[in-house]
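**Student:** Sharing a structure here in structure tokens format.
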Amino acid sequence: MISAVGIDLGSRQVKIAALQGTDLLWRRKFDTIPFYKKFGGLRDGQLTIDFAAMELLTPEEMASVAMVVTGYGRNTIDLTGALVIPEIQAHVAGARHQTGLSTFTLLDLGGQDSKVARVEDGRLMDFVMNDKCAASSGRYLENMAKVLDVSLEELSRHHQNPVPLDATCGIFGESELIGRILEGHSLPRLCAGVNRTLIKRVAPMLHRFPVDHLVLTGGVARSPAFRELLRVATGAEPLVPDHPQHNGAIGCALLAAAR
Amino acid sequence: MTPFIPPDPSGNMVGFTTTIPLEILVAAGRRPVDLNNVFINHPDPSSLIEEAELEGFPRNICGWIKGLYSVVRHHGIGEVIAVTEGDCSNTHGLMEVLSLQGVKTVPFAYPYGRNAATLALEIETLTRHFATSPAAVREAKTELDRLRRKIHEIDRLTWEENLVSGGENHYFQVCTSDMNSDAAAFEKEVDEFLAAARQGPPRREPLRLAYIGVPPIFSDFYPTLEKMGARVVFNETQRQFSMPFATDSLVEQYRRYTYPYDIFTRLEDIEREIARRKVDGVIHYVQAFCFRQIEDMVVRRRLPVPVMTLEGDRPGAIDARTRIRLEGFVEMLRSRQ
């Protein structure tokens, strides 16, 4: 029987996790835009998500389940009793549970944001997040894969001998990458160059924190090339939990269960 | 709210790009207009930026400079004091474009090293330019200081008695740069506010924040934080506009005014107030494309409490990402309590 559900309404994907006690029962993932098209609607001028229409839970479960929501769309869930929490709280709770650590530095690279949080003895001590530009996020990688005409999986395989690319802006980055393609560099080197720009973007944020334990979450955590480049740049072995993309949703579900 | 300033056929208005010795304009009987306040209180401030960009201002420079430019054009302001040292060098370019269009521009410089003799000469030059006398300026200072003391009381009620919101604290202090262009009307507003504030119940936000840097370009910054349970009890630059250090000397007053000088001078003031006001965390606001983003490095290394750096570009409500960042910061402070 489901006891708690956590929902992370991300900019790129919506992630849902269900728990029984503290055991993960199931996870779901939806692309954000189709998700809002299908389940979202305007009510009293406000975007509202019809959770019941998703048919993830039986009516009995709906009546009894505890629910916690976070992410960009966190105020749109139409469910009385659902608690809305800040993203960072969800991510820290998820990372603590998934890794069993209580002192660590968390790097979360999502669809649109990069965040670094420092947790000591289970307490959030410091937190930074990228500002305006999404040039160090999953969205950036998707755009660059499209420019290179490769899949994300292919892009994520290459880390050696990166072509130099600037890391200031995702849009300038595209034109720069096209310039590099026209110079005739090999595809693996171009892919490695794109992966390397991510490191350049997150390094100044990470630099402020110890990397005694470096936990890596978010969709970008699935990239082997990024993990390798991060290991070289920080000297620390990044620890990727079992469900890096669902880390926030799992954190929400845990906090729901604890209520 | 700052009243919307209609065009100025009389030619009596004098605009300025940041705080200048207001006493001189008051003594000269001119109408002082802080161009920043007119820009940000315009019904559609973004349109002013777009107009300036249409005329050729680059997209990647500070929004305030572009807003100031359009304000001068809209209101037909014929004379502008441009602070050429102690603020940013974009002002030089602004001044040159305005003078090309027939606006009389008057330079004023705060010496970087806070040299008293140099500052005295600047004040003397400005006094002479506006054809007034040191005696009249002294008289204006006495009168302005009387009103400033009421603003200092609003500030005290904010942090010591918790009777004033962060937004109210911001508003009354930020207005002191030009006293809303009408000191008598402003004083009436201040008196009414003080009387009401003293009667109000104390506020109960559990977290106390300091706001440092130039005033925010966001329209809903303070209420957004208060809804999260965090209240700004120290607005650094706005408080500086109200000349918080009592002195009889005009030169000394504008030497002790910290905003135009180096970051270390500002940090002394910030550190003292953080301790006195028992601040839990600091929000350092930086304008996009501003040199003060470099100073952020010093701020972060020096301050003893957590700092969040917040970047703003265009006027308007706080966007979803900035809101998420603010929530994260407030959450972190809460978990440290």
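In the structure tokens, chains take letters A, B, ... by order of appearance, with residues numbered from 1 within each chain and ligands from 1 in the order shown.
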Give me the residues of chain B that have any atom at most 8 Å from an atom of chain A; for each, the nearest atom pair and the distance in Å, rounded to one decimal. Use only C-alpha atoms, sort by chain and number, and format it as a tab-separated table.

**Tutor:**
residue	atom	partner	partner_atom	distance
B:Pro306	CA	A:Asp126	CA	7.2
B:Met308	CA	A:Val128	CA	7.6
B:Leu310	CA	A:Asp131	CA	7.9
B:Glu311	CA	A:Asp131	CA	7.1
B:Ala320	CA	A:Tyr72	CA	6.9
B:Arg321	CA	A:Tyr72	CA	7.8
B:Thr322	CA	A:Asp131	CA	7.9
B:Ile324	CA	A:Pro86	CA	7.1
B:Arg325	CA	A:Met129	CA	6.7
B:Glu327	CA	A:Pro86	CA	5.8
B:Gly328	CA	A:Ile88	CA	5.5
B:Phe329	CA	A:Phe127	CA	6.9
B:Glu331	CA	A:Pro86	CA	7.1
B:Met332	CA	A:Leu124	CA	5.6
B:Ser335	CA	A:Leu124	CA	6.3
B:Arg336	CA	A:Met125	CA	6.7

**Student:** Please identify all polymer residues within 10 Å of B:Ser46, counting only C-alpha atoms, omitting same-chain residues fewer than 6 positions from it, and present them as JSON, numbers by chain.

**Tutor:** {"B": [39, 40, 63, 66, 67, 314, 315, 316]}

**Student:** So that each row is one residue of stretch 58-174 of chain B with an atom at most 7 Å from stretch 7-24 of chain B, can you give its shortest atom pair and the distance in Å to one decimal, using only C-alpha atoms, rows by chain and rising number, as a tab-separated table?

**Tutor:**
residue	atom	partner	partner_atom	distance
B:His75	CA	B:Pro7	CA	4.1
B:Gly76	CA	B:Pro7	CA	5.8
B:Ile77	CA	B:Met13	CA	6.3
B:Gly78	CA	B:Gly11	CA	6.3
B:Glu79	CA	B:Val14	CA	5.3
B:Val80	CA	B:Gly15	CA	4.5
B:Ile81	CA	B:Phe16	CA	4.6
B:Ala82	CA	B:Thr17	CA	5.5
B:Val83	CA	B:Thr17	CA	6.2
B:Thr127	CA	B:Ile24	CA	5.8
B:Val137	CA	B:Ile24	CA	5.5
B:Ala140	CA	B:Glu23	CA	5.3
B:Lys141	CA	B:Glu23	CA	5.4

**Student:** What's around stretch 217-220 of chain A at 8 Å? Count only C-alpha atoms, leave out sequence neighbours fewer than 6 positions away in its own chain, and write the answer as a list in words.

**Tutor:**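 Once the adjacent positions are removed, what remains is Leu106, Leu107, Asp108, Leu109, Gly110, Gly111, Ser137, Gly138, Phe226, Val240, Pro241, Pro244, Gln245, His246 and Asn247 of chain A.
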
**Student:** Just give me the gap between atom CA of B:Leu35 and atom CA of B:Asp248 in Å, one decimal is fine.

**Tutor:** 27.5 Å

**Student:** Compare A:Thr99, A:Gln160, A:Ser3, A:Thr234 by their minimum atom-to-atom distance to A:Ala258, counting only C-alpha atoms, and give me the closest one.

**Tutor:**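 Closest to A:Ala258 of all the choices is A:Ser3.
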
**Student:** Rounded to one decimal in Å, what is the spacing between atom CA of B:Ala185 and atom CA of B:Pro244?

**Tutor:**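 Taking atom CA of B:Ala185 as the start and atom CA of B:Pro244 as the end point, the length is 21.6 Å.
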
**Student:** Write out as a compact mmCIF listing (two decimals) with N, CA and C atoms, in the first residue's frame each polymer residue whose atoms come within 12 Å of A:His243, counting only C-alpha atoms; drop sequence neighbours fewer than 5 positions from it.

**Tutor:**
# COMPACT_ATOMS: atom_id res chain seq x y z
N LYS A 15 8.89 14.37 -12.30
CA LYS A 15 9.27 13.10 -11.72
C LYS A 15 8.37 12.80 -10.52
N ILE A 16 7.94 11.54 -10.41
CA ILE A 16 7.05 11.15 -9.32
C ILE A 16 7.62 9.89 -8.66
N ALA A 17 7.60 9.85 -7.34
CA ALA A 17 8.07 8.67 -6.62
C ALA A 17 7.04 8.29 -5.57
N LEU A 24 11.02 2.40 -1.75
CA LEU A 24 10.55 2.94 -3.03
C LEU A 24 9.68 1.89 -3.73
N TRP A 26 7.51 2.67 -6.64
CA TRP A 26 7.66 2.91 -8.07
C TRP A 26 8.08 4.35 -8.34
N ARG A 27 8.58 4.57 -9.60
CA ARG A 27 8.94 5.91 -10.07
C ARG A 27 8.29 6.14 -11.42
N ARG A 28 7.94 7.39 -11.71
CA ARG A 28 7.43 7.73 -13.04
C ARG A 28 8.11 9.03 -13.50
N LYS A 29 8.09 9.22 -14.82
CA LYS A 29 8.74 10.40 -15.39
C LYS A 29 7.93 10.83 -16.61
N HIS A 91 15.85 17.99 -2.40
CA HIS A 91 17.06 17.37 -2.91
C HIS A 91 17.97 16.89 -1.79
N GLY A 94 16.43 13.73 -0.32
CA GLY A 94 16.61 12.60 -1.24
C GLY A 94 18.04 12.10 -1.22
N ALA A 95 18.99 13.02 -1.25
CA ALA A 95 20.41 12.62 -1.29
C ALA A 95 20.83 11.95 0.01
N HIS A 97 18.95 10.21 2.00
CA HIS A 97 18.34 8.87 2.04
C HIS A 97 19.02 7.93 1.05
N GLN A 98 19.25 8.42 -0.15
CA GLN A 98 19.78 7.54 -1.19
C GLN A 98 21.24 7.15 -0.96
N THR A 99 22.01 8.05 -0.32
CA THR A 99 23.43 7.74 -0.14
C THR A 99 23.74 7.26 1.27
N VAL A 215 28.21 14.25 -4.07
CA VAL A 215 27.04 13.51 -4.56
C VAL A 215 26.52 14.23 -5.81
N LEU A 216 26.29 13.45 -6.86
CA LEU A 216 25.88 14.03 -8.14
C LEU A 216 24.48 13.53 -8.49
N THR A 217 23.56 14.47 -8.69
CA THR A 217 22.18 14.08 -9.04
C THR A 217 21.70 14.89 -10.24
N GLY A 218 20.45 14.62 -10.66
CA GLY A 218 19.88 15.29 -11.83
C GLY A 218 20.18 14.46 -13.07
N GLY A 219 19.53 14.81 -14.17
CA GLY A 219 19.67 14.03 -15.40
C GLY A 219 21.11 13.93 -15.90
N VAL A 220 21.88 15.02 -15.70
CA VAL A 220 23.25 15.05 -16.22
C VAL A 220 24.13 14.02 -15.51
N ALA A 221 23.72 13.60 -14.33
CA ALA A 221 24.50 12.59 -13.58
C ALA A 221 24.61 11.29 -14.37
N ARG A 222 23.72 11.09 -15.33
CA ARG A 222 23.75 9.86 -16.11
C ARG A 222 24.84 9.87 -17.18
N GLY A 248 14.90 14.42 -6.19
CA GLY A 248 13.99 15.41 -5.59
C GLY A 248 12.64 14.81 -5.26
N ALA A 249 12.12 13.97 -6.18
CA ALA A 249 10.81 13.35 -5.96
C ALA A 249 10.88 12.39 -4.77
N ILE A 250 11.98 11.64 -4.67
CA ILE A 250 12.15 10.72 -3.54
C ILE A 250 12.24 11.52 -2.23
N GLY A 251 12.97 12.63 -2.29
CA GLY A 251 13.07 13.50 -1.10
C GLY A 251 11.70 14.00 -0.66

**Student:** Given only C-alpha atoms as the basis, pick out the residue of A:Asp121, A:Leu255, A:Thr58, A:Ser11 nearest to A:Ser102.

**Tutor:** A:Asp121

**Student:** Env of A:Lys146: 10 Å cut, atoms = only C-alpha atoms, seq-sep filter 5 positions within chain, self excluded. Answer as a ChimeraX atom specification.

**Tutor:** /A:140-141,151-152,155,174

**Student:** Generate the output file for the selected residues, N, CA and C atoms, as a PDB file, in the first residue's frame.

**Tutor:**
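New file result.pdb:
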ATOM      1  N   TYR A 140      20.948  22.513 -22.146  1.00  0.00           N
ATOM      2  CA  TYR A 140      22.109  22.904 -22.950  1.00  0.00           C
ATOM      3  C   TYR A 140      22.664  21.687 -23.684  1.00  0.00           C
ATOM      4  N   LEU A 141      22.791  20.568 -22.967  1.00  0.00           N
ATOM      5  CA  LEU A 141      23.320  19.355 -23.598  1.00  0.00           C
ATOM      6  C   LEU A 141      22.413  18.896 -24.735  1.00  0.00           C
ATOM      7  N   SER A 151      22.815  11.554 -30.589  1.00  0.00           N
ATOM      8  CA  SER A 151      21.917  11.349 -29.447  1.00  0.00           C
ATOM      9  C   SER A 151      22.613  11.831 -28.178  1.00  0.00           C
ATOM     10  N   LEU A 152      21.834  12.048 -27.122  1.00  0.00           N
ATOM     11  CA  LEU A 152      22.416  12.430 -25.830  1.00  0.00           C
ATOM     12  C   LEU A 152      23.367  11.342 -25.341  1.00  0.00           C
ATOM     13  N   LEU A 155      26.622  11.727 -27.169  1.00  0.00           N
ATOM     14  CA  LEU A 155      27.310  12.923 -26.655  1.00  0.00           C
ATOM     15  C   LEU A 155      27.966  12.620 -25.310  1.00  0.00           C
ATOM     16  N   GLU A 174      26.305  27.649 -29.179  1.00  0.00           N
ATOM     17  CA  GLU A 174      25.867  26.945 -30.394  1.00  0.00           C
ATOM     18  C   GLU A 174      26.612  27.468 -31.616  1.00  0.00           C
TER      19      GLU A 174
END

**Student:** As a ChimeraX atom specification, please: the residues near stretch 213-227 of chain B (cut-off 10 Å, only C-alpha atoms, same-chain neighbours under 6 positions excluded).

**Tutor:** /B:36,40-41,45,63-64,165-171,174,203-207,235-238,259,266,283-287,292-293,296,309-319,323,326-327,330

**Student:** Store the residues picked out above, limited to C-alpha atoms, as a JSON list (two decimals), in the first residue's frame.

**Tutor:**
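Printed below is out.json as written:
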[["chain", "number", "residue", "atom", "x", "y", "z"],
["B", 36, "ASN", "CA", 16.26, 56.43, -10.73],
["B", 40, "ILE", "CA", 11.36, 52.67, -11.41],
["B", 41, "ASN", "CA", 8.01, 54.26, -10.50],
["B", 45, "PRO", "CA", 9.53, 51.00, -16.72],
["B", 63, "GLY", "CA", 19.02, 48.69, -17.41],
["B", 64, "TRP", "CA", 19.14, 51.68, -15.04],
["B", 165, "SER", "CA", 8.19, 45.97, 6.74],
["B", 166, "GLY", "CA", 11.26, 45.67, 4.54],
["B", 167, "GLY", "CA", 9.41, 47.30, 1.66],
["B", 168, "GLU", "CA", 8.30, 50.30, 3.76],
["B", 169, "ASN", "CA", 11.83, 50.68, 5.06],
["B", 170, "HIS", "CA", 13.10, 50.62, 1.47],
["B", 171, "TYR", "CA", 10.55, 53.11, 0.21],
["B", 174, "VAL", "CA", 15.10, 55.50, -1.05],
["B", 203, "ARG", "CA", 5.84, 41.78, 12.91],
["B", 204, "ARG", "CA", 6.69, 38.14, 13.45],
["B", 205, "GLU", "CA", 8.84, 36.94, 10.53],
["B", 206, "PRO", "CA", 11.28, 34.46, 12.08],
["B", 207, "LEU", "CA", 14.21, 35.34, 9.80],
["B", 235, "ASN", "CA", 18.60, 48.13, 3.43],
["B", 236, "GLU", "CA", 22.19, 49.20, 3.02],
["B", 237, "THR", "CA", 22.23, 51.71, 0.17],
["B", 238, "GLN", "CA", 18.76, 53.10, 0.79],
["B", 259, "TYR", "CA", 27.83, 54.25, -1.34],
["B", 266, "ARG", "CA", 30.86, 49.95, 2.67],
["B", 283, "ILE", "CA", 21.11, 39.22, 0.00],
["B", 284, "HIS", "CA", 23.62, 40.98, -2.21],
["B", 285, "TYR", "CA", 21.79, 42.42, -5.18],
["B", 286, "VAL", "CA", 23.82, 43.08, -8.28],
["B", 287, "GLN", "CA", 22.57, 44.56, -11.49],
["B", 292, "ARG", "CA", 29.74, 45.59, -8.65],
["B", 293, "GLN", "CA", 29.45, 41.91, -9.58],
["B", 296, "ASP", "CA", 30.67, 40.39, -4.81],
["B", 309, "THR", "CA", 23.95, 36.98, -4.66],
["B", 310, "LEU", "CA", 20.90, 37.99, -6.60],
["B", 311, "GLU", "CA", 21.18, 39.32, -10.14],
["B", 312, "GLY", "CA", 18.48, 41.45, -11.70],
["B", 313, "ASP", "CA", 18.26, 42.86, -15.20],
["B", 314, "ARG", "CA", 14.84, 44.21, -16.23],
["B", 315, "PRO", "CA", 12.14, 45.75, -14.03],
["B", 316, "GLY", "CA", 9.10, 43.70, -13.09],
["B", 317, "ALA", "CA", 7.98, 40.92, -10.80],
["B", 318, "ILE", "CA", 10.39, 38.27, -9.58],
["B", 319, "ASP", "CA", 10.70, 35.42, -12.11],
["B", 323, "ARG", "CA", 11.91, 32.80, -6.60],
["B", 326, "LEU", "CA", 15.22, 32.88, -2.77],
["B", 327, "GLU", "CA", 13.25, 29.95, -1.36],
["B", 330, "VAL", "CA", 15.51, 31.11, 3.12]]

**Student:** For a test of reading the model, state the distance in Å between atom CA of B:Glu122 and atom CA of B:Asp34, rounded to one decimal.

**Tutor:**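 Going from atom CA of B:Glu122 over to atom CA of B:Asp34, I get 19.1 Å.
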
**Student:** How would you write, as a VMD selection string, the set of residues in stretch 253-311 of chain B that DSSP gives as alpha helix (DSSP H)?

**Tutor:** chain B and resid 253 to 256 263 to 276 292 to 302

**Student:** Please determine, counting only C-alpha atoms, which residue among A:Val147, A:Leu42, A:Ala253, A:Leu57 has the shortest atom-to-atom distance to A:Val69.

**Tutor:**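 When distances to A:Val69 are compared using only C-alpha atoms, the smallest one comes from A:Ala253.
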
**Student:** Write out as a PyMOL selection string all residues of stretch 27-232 of chain B that backbone DSSP assigns to strand (DSSP E or B).

**Tutor:** chain B and resi 31-34+79-85+104-109+207-213+218+230-232

**Student:** Name the closest residue to B:Gly29 among the candidates B:Ser242, B:Thr158, B:Thr132, B:Thr84; distances are taken between atoms, counting only C-alpha atoms.

**Tutor:** B:Thr132
